[in-house]
>>> print(open('coords_2.csv').read())   # CSV, N, CA and C atoms
chain,number,residue,atom,x,y,z
F,1467,MET,N,0.8,-1.2,0.0
F,1467,MET,CA,0.0,0.0,0.0
F,1467,MET,C,0.9,1.2,0.0
F,1468,SER,N,0.4,2.2,-0.7
F,1468,SER,CA,1.2,3.4,-0.8
F,1468,SER,C,0.8,4.5,0.2
F,1469,GLY,N,0.0,4.1,1.2
F,1469,GLY,CA,-0.3,5.1,2.2
F,1469,GLY,C,-1.6,5.8,2.0
F,1470,LYS,N,-2.2,5.7,0.8
F,1470,LYS,CA,-3.4,6.3,0.5
F,1470,LYS,C,-4.6,5.3,0.6
F,1471,ARG,N,-5.6,5.8,1.2
F,1471,ARG,CA,-6.8,5.0,1.4
F,1471,ARG,C,-7.8,5.3,0.3
F,1472,ARG,N,-8.4,4.3,-0.2
F,1472,ARG,CA,-9.5,4.6,-1.2
F,1472,ARG,C,-10.8,4.7,-0.5
F,1473,ARG,N,-11.5,5.7,-0.8
F,1473,ARG,CA,-12.8,5.8,-0.3
F,1473,ARG,C,-13.8,5.0,-1.0
F,1474,GLN,N,-14.6,4.2,-0.3
F,1474,GLN,CA,-15.6,3.4,-1.0
F,1474,GLN,C,-16.8,4.3,-1.2
F,1475,ARG,N,-17.4,4.2,-2.3
F,1475,ARG,CA,-18.6,5.0,-2.6
F,1475,ARG,C,-19.8,4.3,-1.9
F,1476,SER,N,-20.5,5.1,-1.2
F,1476,SER,CA,-21.7,4.5,-0.5
F,1476,SER,C,-22.8,4.3,-1.6
F,1477,ARG,N,-23.6,3.3,-1.2
F,1477,ARG,CA,-24.7,2.9,-2.1
F,1477,ARG,C,-26.0,3.7,-1.9
F,1478,ARG,N,-25.8,4.8,-1.1
F,1478,ARG,CA,-27.0,5.6,-0.9
F,1478,ARG,C,-27.3,6.4,-2.1
F,1479,PRO,N,-28.6,6.6,-2.4
F,1479,PRO,CA,-28.9,7.5,-3.5
F,1479,PRO,C,-28.8,8.9,-3.1
F,1480,THR,N,-28.4,9.8,-4.0
F,1480,THR,CA,-28.2,11.2,-3.7
F,1480,THR,C,-29.6,11.8,-3.5
F,1481,LYS,N,-29.6,12.8,-2.6
F,1481,LYS,CA,-30.9,13.5,-2.3
F,1481,LYS,C,-31.1,14.5,-3.4
F,1482,ASN,N,-32.3,14.6,-3.8
F,1482,ASN,CA,-32.7,15.7,-4.8
F,1482,ASN,C,-32.8,17.0,-4.0
F,1483,ALA,N,-32.4,18.1,-4.7
F,1483,ALA,CA,-32.5,19.4,-4.1
F,1483,ALA,C,-34.0,19.8,-3.9
F,1484,ILE,N,-34.4,20.3,-2.8
F,1484,ILE,CA,-35.7,20.8,-2.5
F,1484,ILE,C,-35.7,22.3,-2.4
F,1485,SER,N,-36.5,23.0,-3.1
F,1485,SER,CA,-36.4,24.4,-3.1
F,1485,SER,C,-37.0,24.9,-1.7
F,1486,ARG,N,-36.7,26.2,-1.4
F,1486,ARG,CA,-37.2,26.7,-0.2
F,1486,ARG,C,-38.7,27.0,-0.2
F,1487,SER,N,-39.2,27.2,-1.5
F,1487,SER,CA,-40.7,27.4,-1.6
F,1487,SER,C,-41.4,26.1,-1.3
F,1488,THR,N,-40.8,25.0,-1.8
F,1488,THR,CA,-41.4,23.7,-1.5
F,1488,THR,C,-41.4,23.3,-0.1
F,1489,ARG,N,-40.3,23.6,0.6
F,1489,ARG,CA,-40.2,23.4,2.0
F,1489,ARG,C,-41.2,24.1,2.8
F,1490,ALA,N,-41.4,25.4,2.4
F,1490,ALA,CA,-42.4,26.2,3.1
F,1490,ALA,C,-43.8,26.0,2.6
F,1491,GLU,N,-44.0,25.2,1.7
F,1491,GLU,CA,-45.3,24.9,1.1
F,1491,GLU,C,-45.9,26.2,0.5
F,1492,LEU,N,-45.1,26.9,-0.2
F,1492,LEU,CA,-45.6,28.2,-0.8
F,1492,LEU,C,-45.5,28.1,-2.4
F,1493,GLN,N,-46.3,28.9,-3.0
F,1493,GLN,CA,-46.3,29.0,-4.5
F,1493,GLN,C,-45.4,30.1,-4.9
F,1494,PHE,N,-45.2,31.1,-4.1
F,1494,PHE,CA,-44.4,32.2,-4.5
F,1494,PHE,C,-42.9,31.8,-4.3
F,1495,PRO,N,-42.0,32.3,-5.2
F,1495,PRO,CA,-40.6,31.9,-5.2
F,1495,PRO,C,-39.8,32.6,-4.0
F,1496,VAL,N,-39.4,31.8,-3.0
F,1496,VAL,CA,-38.7,32.4,-1.9
F,1496,VAL,C,-37.3,32.8,-2.3
F,1497,SER,N,-36.7,32.1,-3.2
F,1497,SER,CA,-35.3,32.5,-3.7
F,1497,SER,C,-35.3,33.8,-4.4
F,1498,ARG,N,-36.4,34.1,-5.2
F,1498,ARG,CA,-36.5,35.3,-6.0
F,1498,ARG,C,-36.7,36.5,-5.0
F,1499,VAL,N,-37.6,36.3,-4.0
F,1499,VAL,CA,-37.8,37.3,-3.0
F,1499,VAL,C,-36.5,37.6,-2.2
F,1500,ASP,N,-35.7,36.6,-1.9
F,1500,ASP,CA,-34.5,36.8,-1.2
F,1500,ASP,C,-33.5,37.6,-2.1
F,1501,ARG,N,-33.4,37.2,-3.4
F,1501,ARG,CA,-32.5,37.9,-4.3
F,1501,ARG,C,-32.9,39.4,-4.4
F,1502,LEU,N,-34.2,39.7,-4.6
F,1502,LEU,CA,-34.7,41.0,-4.7
F,1502,LEU,C,-34.5,41.9,-3.5
F,1503,LEU,N,-34.6,41.2,-2.3
F,1503,LEU,CA,-34.3,41.9,-1.0
F,1503,LEU,C,-32.8,42.3,-0.9
F,1504,ARG,N,-32.0,41.4,-1.3
F,1504,ARG,CA,-30.5,41.6,-1.2
F,1504,ARG,C,-30.1,42.6,-2.2
F,1505,GLU,N,-30.7,42.6,-3.4
F,1505,GLU,CA,-30.3,43.6,-4.5
F,1505,GLU,C,-30.8,44.9,-4.2
F,1506,GLY,N,-31.8,45.1,-3.4
F,1506,GLY,CA,-32.4,46.3,-3.1
F,1506,GLY,C,-31.6,47.3,-2.3
F,1507,CYS,N,-30.5,46.8,-1.7
F,1507,CYS,CA,-29.5,47.7,-1.0
F,1507,CYS,C,-30.2,48.4,0.2
F,1508,ASN,N,-31.3,47.8,0.7
F,1508,ASN,CA,-31.9,48.5,1.8
F,1508,ASN,C,-31.7,47.8,3.2
F,1509,VAL,N,-30.9,46.7,3.2
F,1509,VAL,CA,-30.6,46.0,4.4
F,1509,VAL,C,-29.1,45.6,4.4
F,1510,GLU,N,-28.5,45.6,5.5
F,1510,GLU,CA,-27.1,45.1,5.6
F,1510,GLU,C,-27.1,43.6,5.9
F,1511,ARG,N,-27.9,43.2,6.8
F,1511,ARG,CA,-28.0,41.8,7.2
F,1511,ARG,C,-29.4,41.4,7.0
F,1512,LEU,N,-29.6,40.1,6.6
F,1512,LEU,CA,-30.9,39.6,6.3
F,1512,LEU,C,-30.9,38.1,6.9
F,1513,SER,N,-32.0,37.9,7.7
F,1513,SER,CA,-32.2,36.5,8.2
F,1513,SER,C,-32.6,35.6,7.1
F,1514,TRP,N,-32.4,34.3,7.3
F,1514,TRP,CA,-32.9,33.4,6.3
F,1514,TRP,C,-34.4,33.2,6.4
F,1515,ARG,N,-35.0,33.6,7.5
F,1515,ARG,CA,-36.5,33.5,7.6
F,1515,ARG,C,-37.2,34.7,6.9
F,1516,THR,N,-36.6,35.8,6.7
F,1516,THR,CA,-37.2,37.0,6.2
F,1516,THR,C,-37.8,36.7,4.8
F,1517,PRO,N,-37.1,36.2,3.8
F,1517,PRO,CA,-37.8,36.0,2.5
F,1517,PRO,C,-38.9,35.0,2.5
F,1518,VAL,N,-38.8,34.0,3.4
F,1518,VAL,CA,-39.8,33.0,3.5
F,1518,VAL,C,-41.1,33.7,4.1
F,1519,PHE,N,-40.9,34.5,5.1
F,1519,PHE,CA,-42.1,35.2,5.7
F,1519,PHE,C,-42.7,36.1,4.7
F,1520,LEU,N,-41.9,36.9,4.0
F,1520,LEU,CA,-42.4,37.9,3.0
F,1520,LEU,C,-43.1,37.2,1.9
F,1521,ALA,N,-42.5,36.1,1.4
F,1521,ALA,CA,-43.2,35.3,0.3
F,1521,ALA,C,-44.5,34.8,0.8
F,1522,GLY,N,-44.6,34.4,2.0
F,1522,GLY,CA,-45.9,33.9,2.6
F,1522,GLY,C,-46.9,35.0,2.7
F,1523,VAL,N,-46.5,36.2,3.1
F,1523,VAL,CA,-47.4,37.4,3.2
F,1523,VAL,C,-47.9,37.8,1.8
F,1524,LEU,N,-47.0,37.8,0.8
F,1524,LEU,CA,-47.4,38.2,-0.5
F,1524,LEU,C,-48.3,37.2,-1.1
F,1525,GLU,N,-48.1,35.9,-0.9
F,1525,GLU,CA,-49.0,34.8,-1.4
F,1525,GLU,C,-50.4,35.0,-0.7
F,1526,TYR,N,-50.4,35.2,0.6
F,1526,TYR,CA,-51.7,35.4,1.3
F,1526,TYR,C,-52.5,36.6,0.7
F,1527,LEU,N,-51.8,37.7,0.6
F,1527,LEU,CA,-52.5,38.9,0.0
F,1527,LEU,C,-53.0,38.7,-1.4
F,1528,THR,N,-52.2,38.0,-2.2
F,1528,THR,CA,-52.6,37.7,-3.6
F,1528,THR,C,-53.8,36.8,-3.6
F,1529,ALA,N,-53.7,35.8,-2.8
F,1529,ALA,CA,-54.8,34.8,-2.8
F,1529,ALA,C,-56.1,35.5,-2.3
F,1530,ASN,N,-56.0,36.4,-1.3
F,1530,ASN,CA,-57.2,37.1,-0.8
F,1530,ASN,C,-57.8,38.0,-1.8
F,1531,ILE,N,-56.9,38.8,-2.5
F,1531,ILE,CA,-57.4,39.7,-3.6
F,1531,ILE,C,-58.0,38.9,-4.7
F,1532,LEU,N,-57.4,37.8,-5.1
F,1532,LEU,CA,-58.0,37.0,-6.3
F,1532,LEU,C,-59.3,36.3,-5.9
F,1533,GLU,N,-59.4,35.9,-4.6
F,1533,GLU,CA,-60.6,35.3,-4.2
F,1533,GLU,C,-61.8,36.3,-4.2
F,1534,LEU,N,-61.5,37.5,-3.7
F,1534,LEU,CA,-62.5,38.6,-3.7
F,1534,LEU,C,-62.9,39.0,-5.2
F,1535,ALA,N,-61.8,39.0,-6.0
F,1535,ALA,CA,-62.1,39.4,-7.4
F,1535,ALA,C,-62.9,38.3,-8.1
F,1536,GLY,N,-62.7,37.1,-7.8
F,1536,GLY,CA,-63.5,36.0,-8.4
F,1536,GLY,C,-64.9,36.1,-7.9
F,1537,ALA,N,-65.1,36.4,-6.7
F,1537,ALA,CA,-66.5,36.6,-6.2
F,1537,ALA,C,-67.2,37.8,-6.9
F,1538,GLU,N,-66.4,38.9,-7.2
F,1538,GLU,CA,-66.9,40.0,-7.9
F,1538,GLU,C,-67.2,39.7,-9.3
F,1539,ALA,N,-66.4,38.8,-9.9
F,1539,ALA,CA,-66.7,38.4,-11.3
F,1539,ALA,C,-67.9,37.5,-11.4
F,1540,LEU,N,-68.1,36.6,-10.4
F,1540,LEU,CA,-69.3,35.8,-10.4
F,1540,LEU,C,-70.5,36.6,-10.1
F,1541,HIS,N,-70.4,37.7,-9.4
F,1541,HIS,CA,-71.5,38.6,-9.1
F,1541,HIS,C,-72.0,39.3,-10.4
F,1542,GLY,N,-71.0,39.5,-11.3
F,1542,GLY,CA,-71.3,40.2,-12.5
F,1542,GLY,C,-71.6,39.1,-13.6
F,1543,HIS,N,-71.8,37.9,-13.3
F,1543,HIS,CA,-72.1,36.8,-14.2
F,1543,HIS,C,-71.0,36.6,-15.2
F,1544,LYS,N,-69.7,36.7,-14.8
F,1544,LYS,CA,-68.6,36.5,-15.6
F,1544,LYS,C,-67.8,35.3,-15.1
F,1545,LYS,N,-67.1,34.6,-16.0
F,1545,LYS,CA,-66.3,33.4,-15.5
F,1545,LYS,C,-64.8,33.8,-15.4
F,1546,LEU,N,-64.4,34.8,-16.1
F,1546,LEU,CA,-63.0,35.2,-16.0
F,1546,LEU,C,-62.8,36.5,-15.2
F,1547,ILE,N,-61.7,36.6,-14.5
F,1547,ILE,CA,-61.4,37.7,-13.7
F,1547,ILE,C,-60.7,38.8,-14.6
F,1548,SER,N,-61.2,39.9,-14.6
F,1548,SER,CA,-60.6,41.0,-15.4
F,1548,SER,C,-59.9,42.0,-14.5
F,1549,PRO,N,-59.1,42.8,-15.0
F,1549,PRO,CA,-58.4,43.8,-14.2
F,1549,PRO,C,-59.4,44.8,-13.5
F,1550,GLU,N,-60.5,45.0,-14.1
F,1550,GLU,CA,-61.6,45.9,-13.5
F,1550,GLU,C,-62.1,45.2,-12.3
F,1551,HIS,N,-62.3,43.9,-12.2
F,1551,HIS,CA,-62.7,43.2,-11.0
F,1551,HIS,C,-61.7,43.4,-9.9
F,1552,VAL,N,-60.4,43.2,-10.2
F,1552,VAL,CA,-59.4,43.4,-9.2
F,1552,VAL,C,-59.4,44.8,-8.7
F,1553,GLN,N,-59.5,45.8,-9.6
F,1553,GLN,CA,-59.5,47.2,-9.2
F,1553,GLN,C,-60.7,47.5,-8.3
F,1554,ARG,N,-61.9,47.0,-8.6
F,1554,ARG,CA,-63.0,47.2,-7.8
F,1554,ARG,C,-62.9,46.7,-6.4
F,1555,VAL,N,-62.3,45.5,-6.3
F,1555,VAL,CA,-62.0,44.8,-5.0
F,1555,VAL,C,-61.1,45.6,-4.2
F,1556,VAL,N,-60.0,46.1,-4.8
F,1556,VAL,CA,-59.0,46.8,-4.0
F,1556,VAL,C,-59.5,48.2,-3.6
F,1557,ASP,N,-60.3,48.8,-4.4
F,1557,ASP,CA,-60.9,50.1,-4.1
F,1557,ASP,C,-61.9,50.0,-3.0
F,1558,SER,N,-62.8,49.0,-3.1
F,1558,SER,CA,-63.9,48.9,-2.2
F,1558,SER,C,-63.6,48.3,-0.8
F,1559,SER,N,-62.5,47.5,-0.7
F,1559,SER,CA,-62.2,46.8,0.5
F,1559,SER,C,-61.1,47.6,1.3
F,1560,HIS,N,-60.8,47.0,2.5
F,1560,HIS,CA,-59.8,47.6,3.3
F,1560,HIS,C,-58.4,47.4,2.7
F,1561,LEU,N,-58.3,46.7,1.6
F,1561,LEU,CA,-57.0,46.4,1.0
F,1561,LEU,C,-56.4,47.6,0.3
F,1562,GLY,N,-57.3,48.6,0.0
F,1562,GLY,CA,-56.8,49.8,-0.7
F,1562,GLY,C,-55.8,50.6,0.1
F,1563,HIS,N,-55.8,50.4,1.4
F,1563,HIS,CA,-54.8,51.2,2.2
F,1563,HIS,C,-53.4,50.6,2.0
F,1564,LEU,N,-53.3,49.4,1.5
F,1564,LEU,CA,-52.0,48.8,1.3
F,1564,LEU,C,-51.3,49.5,0.1
F,1565,PHE,N,-52.1,50.0,-0.8
F,1565,PHE,CA,-51.5,50.5,-2.1
F,1565,PHE,C,-51.4,52.0,-2.1
F,1566,GLU,N,-51.7,52.7,-1.0
F,1566,GLU,CA,-51.6,54.1,-0.9
F,1566,GLU,C,-50.1,54.5,-0.8
F,1567,ASP,N,-49.8,55.6,-1.3
F,1567,ASP,CA,-48.4,56.1,-1.2
F,1567,ASP,C,-48.3,57.0,0.0
F,1568,ASN,N,-47.9,56.5,1.2
F,1568,ASN,CA,-47.8,57.3,2.4
F,1568,ASN,C,-46.3,57.6,2.7
F,1569,ALA,N,-45.4,57.4,1.8
F,1569,ALA,CA,-44.0,57.6,2.1
F,1569,ALA,C,-43.8,59.1,2.4
F,1570,ASN,N,-44.4,60.0,1.7
F,1570,ASN,CA,-44.3,61.4,2.0
F,1570,ASN,C,-45.6,62.1,2.2
F,1571,PRO,N,-46.2,62.0,3.4
F,1571,PRO,CA,-47.5,62.5,3.6
F,1571,PRO,C,-47.5,64.1,3.5
F,1572,PRO,N,-48.6,64.6,3.0
F,1572,PRO,CA,-48.6,66.1,2.9
F,1572,PRO,C,-48.5,66.8,4.2
F,1573,VAL,N,-47.8,67.9,4.2
F,1573,VAL,CA,-47.5,68.7,5.5
F,1573,VAL,C,-48.3,70.0,5.3
F,1574,ASP,N,-49.1,70.3,6.3
F,1574,ASP,CA,-49.8,71.6,6.3
F,1574,ASP,C,-48.9,72.8,6.5
F,1575,GLU,N,-48.1,72.7,7.5
F,1575,GLU,CA,-47.2,73.8,7.8
F,1575,GLU,C,-45.8,73.2,8.1
F,1576,MET,N,-44.8,74.1,7.8
F,1576,MET,CA,-43.4,73.7,8.0
F,1576,MET,C,-43.1,73.7,9.5
F,1577,PRO,N,-42.4,72.7,10.0
F,1577,PRO,CA,-42.0,72.8,11.4
F,1577,PRO,C,-40.9,73.9,11.7
F,1578,SER,N,-41.0,74.6,12.8
F,1578,SER,CA,-40.1,75.6,13.1
F,1578,SER,C,-38.8,75.0,13.7
F,1579,LEU,N,-37.7,75.5,13.3
F,1579,LEU,CA,-36.4,75.0,13.8
F,1579,LEU,C,-36.0,75.8,15.0
F,1580,ARG,N,-35.6,75.2,16.0
F,1580,ARG,CA,-35.2,75.9,17.3
F,1580,ARG,C,-33.7,75.9,17.3
F,1581,LYS,N,-33.2,77.0,17.7
F,1581,LYS,CA,-31.7,77.2,17.8
F,1581,LYS,C,-31.2,77.2,19.2
>>> encode(input="coords_2.csv", output="C-alpha coordinates")
Amino acid sequence: MSGKRRRQRSRRPTKNAISRSTRAELQFPVSRVDRLLREGCNVERLSWRTPVFLAGVLEYLTANILELAGAEALHGHKKLISPEHVQRVVDSSHLGHLFEDNANPPVDEMPSLRK
(Lines of atoms letter the chains of each structure in order from A and count residues from 1; the text may use other names and numbers.)
(Lines give C-alpha, C1' and ligand atoms only; values in the text may rest on other atoms or scores of the structure.)
Protein backbone atom coordinates (compact mmCIF):
# COMPACT_ATOMS: atom_id res chain seq x y z
CA MET A 1 0.00 0.00 0.00
CA SER A 2 1.22 3.43 -0.83
CA GLY A 3 -0.32 5.06 2.24
CA LYS A 4 -3.44 6.34 0.47
CA ARG A 5 -6.80 4.96 1.38
CA ARG A 6 -9.46 4.57 -1.20
CA ARG A 7 -12.84 5.81 -0.25
CA GLN A 8 -15.59 3.41 -1.00
CA ARG A 9 -18.61 4.97 -2.58
CA SER A 10 -21.71 4.54 -0.54
CA ARG A 11 -24.67 2.94 -2.15
CA ARG A 12 -27.02 5.60 -0.86
CA PRO A 13 -28.93 7.46 -3.54
CA THR A 14 -28.22 11.17 -3.71
CA LYS A 15 -30.88 13.45 -2.31
CA ASN A 16 -32.69 15.68 -4.76
CA ALA A 17 -32.55 19.37 -4.06
CA ILE A 18 -35.73 20.76 -2.53
CA SER A 19 -36.45 24.43 -3.05
CA ARG A 20 -37.22 26.74 -0.16
CA SER A 21 -40.66 27.40 -1.62
CA THR A 22 -41.43 23.68 -1.54
CA ARG A 23 -40.16 23.35 2.02
CA ALA A 24 -42.36 26.24 3.13
CA GLU A 25 -45.28 24.90 1.05
CA LEU A 26 -45.56 28.20 -0.84
CA GLN A 27 -46.31 29.00 -4.45
CA PHE A 28 -44.35 32.24 -4.46
CA PRO A 29 -40.61 31.91 -5.16
CA VAL A 30 -38.69 32.37 -1.91
CA SER A 31 -35.33 32.51 -3.69
CA ARG A 32 -36.48 35.34 -5.95
CA VAL A 33 -37.81 37.31 -2.98
CA ASP A 34 -34.46 36.75 -1.25
CA ARG A 35 -32.52 37.93 -4.29
CA LEU A 36 -34.69 41.04 -4.73
CA LEU A 37 -34.31 41.93 -1.04
CA ARG A 38 -30.54 41.59 -1.21
CA GLU A 39 -30.27 43.56 -4.46
CA GLY A 40 -32.45 46.34 -3.09
CA CYS A 41 -29.54 47.67 -0.98
CA ASN A 42 -31.94 48.46 1.84
CA VAL A 43 -30.55 46.02 4.41
CA GLU A 44 -27.10 45.14 5.60
CA ARG A 45 -28.00 41.84 7.22
CA LEU A 46 -30.86 39.55 6.31
CA SER A 47 -32.16 36.54 8.20
CA TRP A 48 -32.91 33.35 6.30
CA ARG A 49 -36.48 33.55 7.63
CA THR A 50 -37.21 36.98 6.15
CA PRO A 51 -37.76 36.00 2.49
CA VAL A 52 -39.84 32.98 3.55
CA PHE A 53 -42.08 35.17 5.69
CA LEU A 54 -42.37 37.89 3.03
CA ALA A 55 -43.20 35.34 0.32
CA GLY A 56 -45.90 33.91 2.60
CA VAL A 57 -47.39 37.35 3.19
CA LEU A 58 -47.36 38.16 -0.54
CA GLU A 59 -49.00 34.84 -1.35
CA TYR A 60 -51.68 35.40 1.30
CA LEU A 61 -52.49 38.90 0.03
CA THR A 62 -52.58 37.75 -3.59
CA ALA A 63 -54.85 34.81 -2.79
CA ASN A 64 -57.15 37.08 -0.79
CA ILE A 65 -57.39 39.66 -3.58
CA LEU A 66 -57.97 37.01 -6.25
CA GLU A 67 -60.64 35.29 -4.16
CA LEU A 68 -62.53 38.55 -3.72
CA ALA A 69 -62.07 39.41 -7.42
CA GLY A 70 -63.46 35.98 -8.36
CA ALA A 71 -66.52 36.62 -6.23
CA GLU A 72 -66.89 40.03 -7.88
CA ALA A 73 -66.67 38.41 -11.33
CA LEU A 74 -69.29 35.80 -10.41
CA HIS A 75 -71.52 38.57 -9.09
CA GLY A 76 -71.34 40.17 -12.53
CA HIS A 77 -72.10 36.78 -14.21
CA LYS A 78 -68.57 36.46 -15.63
CA LYS A 79 -66.30 33.43 -15.55
CA LEU A 80 -62.99 35.23 -16.01
CA ILE A 81 -61.43 37.75 -13.67
CA SER A 82 -60.63 41.00 -15.44
CA PRO A 83 -58.41 43.84 -14.20
CA GLU A 84 -61.56 45.85 -13.52
CA HIS A 85 -62.72 43.22 -11.02
CA VAL A 86 -59.40 43.39 -9.20
CA GLN A 87 -59.50 47.20 -9.19
CA ARG A 88 -63.04 47.23 -7.77
CA VAL A 89 -62.04 44.83 -5.00
CA VAL A 90 -58.96 46.83 -4.05
CA ASP A 91 -60.86 50.14 -4.09
CA SER A 92 -63.91 48.90 -2.18
CA SER A 93 -62.20 46.84 0.54
CA HIS A 94 -59.75 47.60 3.30
CA LEU A 95 -56.97 46.40 0.99
CA GLY A 96 -56.84 49.79 -0.71
CA HIS A 97 -54.84 51.16 2.23
CA LEU A 98 -51.96 48.83 1.31
CA PHE A 99 -51.50 50.48 -2.06
CA GLU A 100 -51.59 54.11 -0.94
CA ASP A 101 -48.40 56.12 -1.16
CA ASN A 102 -47.77 57.29 2.38
CA ALA A 103 -44.02 57.65 2.05
CA ASN A 104 -44.25 61.44 1.99
CA PRO A 105 -47.49 62.54 3.64
CA PRO A 106 -48.60 66.08 2.87
CA VAL A 107 -47.53 68.67 5.45
CA ASP A 108 -49.82 71.59 6.27
CA GLU A 109 -47.17 73.78 7.82
CA MET A 110 -43.42 73.69 8.05
CA PRO A 111 -41.98 72.81 11.44
CA SER A 112 -40.06 75.62 13.09
CA LEU A 113 -36.39 75.03 13.76
CA ARG A 114 -35.18 75.86 17.25
CA LYS A 115 -31.70 77.20 17.80
>>> atom_distance(input="coords_2.csv", atom1="atom N of Arg1486 of chain F", atom2="atom N of Ala1529 of chain F")
19.6 Å
>>> atom_distance(input="coords_2.csv", atom1="atom N of Leu1534 of chain F", atom2="atom CA of Arg1501 of chain F")
29.0 Å
>>> atom_distance(input="coords_2.csv", atom1="atom N of Ala1490 of chain F", atom2="atom CA of Cys1507 of chain F")
25.5 Å
>>> closest_residue(input="coords_2.csv", among="F:Thr1488, F:Glu1505, F:Ala1535, F:Trp1514", to="Arg1554 of chain F", atoms="all atoms listed in the file")
F:Ala1535
>>> residues_around(input="coords_2.csv", residues="Gln1493 of chain F", least_positions_apart="3", cutoff="8 Å", atoms="all atoms listed in the file", output="list in words")
Ser1487, Thr1488, Ala1490, Val1496, Ala1521, Gly1522 and Glu1525 of chain F
>>> select_by_dssp(input="coords_2.csv", residues="chain F", states="alpha helix (DSSP H)", output="ChimeraX atom specification")
/F:1486-1489,1496-1505,1515-1541,1549-1558
>>> closest_residue(input="coords_2.csv", among="F:Arg1478, F:Glu1538, F:Leu1492, F:Ser1548", to="Pro1517 of chain F", atoms="only C-alpha atoms")
F:Leu1492
>>> decode(input="coords_2.csv", residues="segment 1515-1531 of chain F", atoms="N, CA, C and O atoms", output="mmCIF file, in the first residue's frame")
data_model
loop_
_atom_site.group_PDB
_atom_site.id
_atom_site.type_symbol
_atom_site.label_atom_id
_atom_site.label_comp_id
_atom_site.auth_asym_id
_atom_site.auth_seq_id
_atom_site.Cartn_x
_atom_site.Cartn_y
_atom_site.Cartn_z
ATOM 1 N N ARG F 1515 -35.032 33.648 7.476
ATOM 2 C CA ARG F 1515 -36.478 33.550 7.629
ATOM 3 C C ARG F 1515 -37.220 34.678 6.916
ATOM 4 O O ARG F 1515 -38.390 34.544 6.588
ATOM 5 N N THR F 1516 -36.555 35.786 6.696
ATOM 6 C CA THR F 1516 -37.207 36.978 6.150
ATOM 7 C C THR F 1516 -37.832 36.746 4.782
ATOM 8 O O THR F 1516 -39.006 37.071 4.581
ATOM 9 N N PRO F 1517 -37.117 36.201 3.790
ATOM 10 C CA PRO F 1517 -37.763 35.996 2.490
ATOM 11 C C PRO F 1517 -38.883 34.960 2.531
ATOM 12 O O PRO F 1517 -39.862 35.076 1.792
ATOM 13 N N VAL F 1518 -38.777 33.985 3.421
ATOM 14 C CA VAL F 1518 -39.840 32.985 3.550
ATOM 15 C C VAL F 1518 -41.102 33.653 4.080
ATOM 16 O O VAL F 1518 -42.209 33.447 3.562
ATOM 17 N N PHE F 1519 -40.945 34.470 5.115
ATOM 18 C CA PHE F 1519 -42.084 35.167 5.690
ATOM 19 C C PHE F 1519 -42.698 36.138 4.689
ATOM 20 O O PHE F 1519 -43.927 36.187 4.532
ATOM 21 N N LEU F 1520 -41.868 36.916 3.992
ATOM 22 C CA LEU F 1520 -42.370 37.891 3.035
ATOM 23 C C LEU F 1520 -43.076 37.205 1.868
ATOM 24 O O LEU F 1520 -44.122 37.679 1.400
ATOM 25 N N ALA F 1521 -42.538 36.091 1.392
ATOM 26 C CA ALA F 1521 -43.200 35.343 0.320
ATOM 27 C C ALA F 1521 -44.547 34.811 0.796
ATOM 28 O O ALA F 1521 -45.528 34.807 0.038
ATOM 29 N N GLY F 1522 -44.626 34.378 2.047
ATOM 30 C CA GLY F 1522 -45.899 33.913 2.597
ATOM 31 C C GLY F 1522 -46.918 35.031 2.686
ATOM 32 O O GLY F 1522 -48.108 34.830 2.379
ATOM 33 N N VAL F 1523 -46.484 36.209 3.099
ATOM 34 C CA VAL F 1523 -47.391 37.354 3.191
ATOM 35 C C VAL F 1523 -47.875 37.758 1.805
ATOM 36 O O VAL F 1523 -49.068 38.016 1.591
ATOM 37 N N LEU F 1524 -46.963 37.810 0.833
ATOM 38 C CA LEU F 1524 -47.359 38.165 -0.536
ATOM 39 C C LEU F 1524 -48.332 37.151 -1.120
ATOM 40 O O LEU F 1524 -49.300 37.512 -1.798
ATOM 41 N N GLU F 1525 -48.087 35.874 -0.856
ATOM 42 C CA GLU F 1525 -48.998 34.841 -1.353
ATOM 43 C C GLU F 1525 -50.371 34.960 -0.710
ATOM 44 O O GLU F 1525 -51.398 34.819 -1.377
ATOM 45 N N TYR F 1526 -50.409 35.243 0.598
ATOM 46 C CA TYR F 1526 -51.685 35.400 1.296
ATOM 47 C C TYR F 1526 -52.471 36.579 0.741
ATOM 48 O O TYR F 1526 -53.675 36.471 0.479
ATOM 49 N N LEU F 1527 -51.807 37.719 0.556
ATOM 50 C CA LEU F 1527 -52.490 38.900 0.025
ATOM 51 C C LEU F 1527 -52.988 38.665 -1.397
ATOM 52 O O LEU F 1527 -54.114 39.042 -1.745
ATOM 53 N N THR F 1528 -52.169 38.025 -2.216
ATOM 54 C CA THR F 1528 -52.576 37.749 -3.592
ATOM 55 C C THR F 1528 -53.769 36.808 -3.635
ATOM 56 O O THR F 1528 -54.721 37.020 -4.403
ATOM 57 N N ALA F 1529 -53.731 35.754 -2.819
ATOM 58 C CA ALA F 1529 -54.849 34.809 -2.787
ATOM 59 C C ALA F 1529 -56.121 35.488 -2.307
ATOM 60 O O ALA F 1529 -57.213 35.244 -2.848
ATOM 61 N N ASN F 1530 -55.994 36.365 -1.314
ATOM 62 C CA ASN F 1530 -57.154 37.077 -0.794
ATOM 63 C C ASN F 1530 -57.757 38.001 -1.848
ATOM 64 O O ASN F 1530 -58.974 38.030 -2.043
ATOM 65 N N ILE F 1531 -56.910 38.750 -2.545
ATOM 66 C CA ILE F 1531 -57.392 39.664 -3.580
ATOM 67 C C ILE F 1531 -58.034 38.887 -4.721
ATOM 68 O O ILE F 1531 -59.112 39.252 -5.222
#
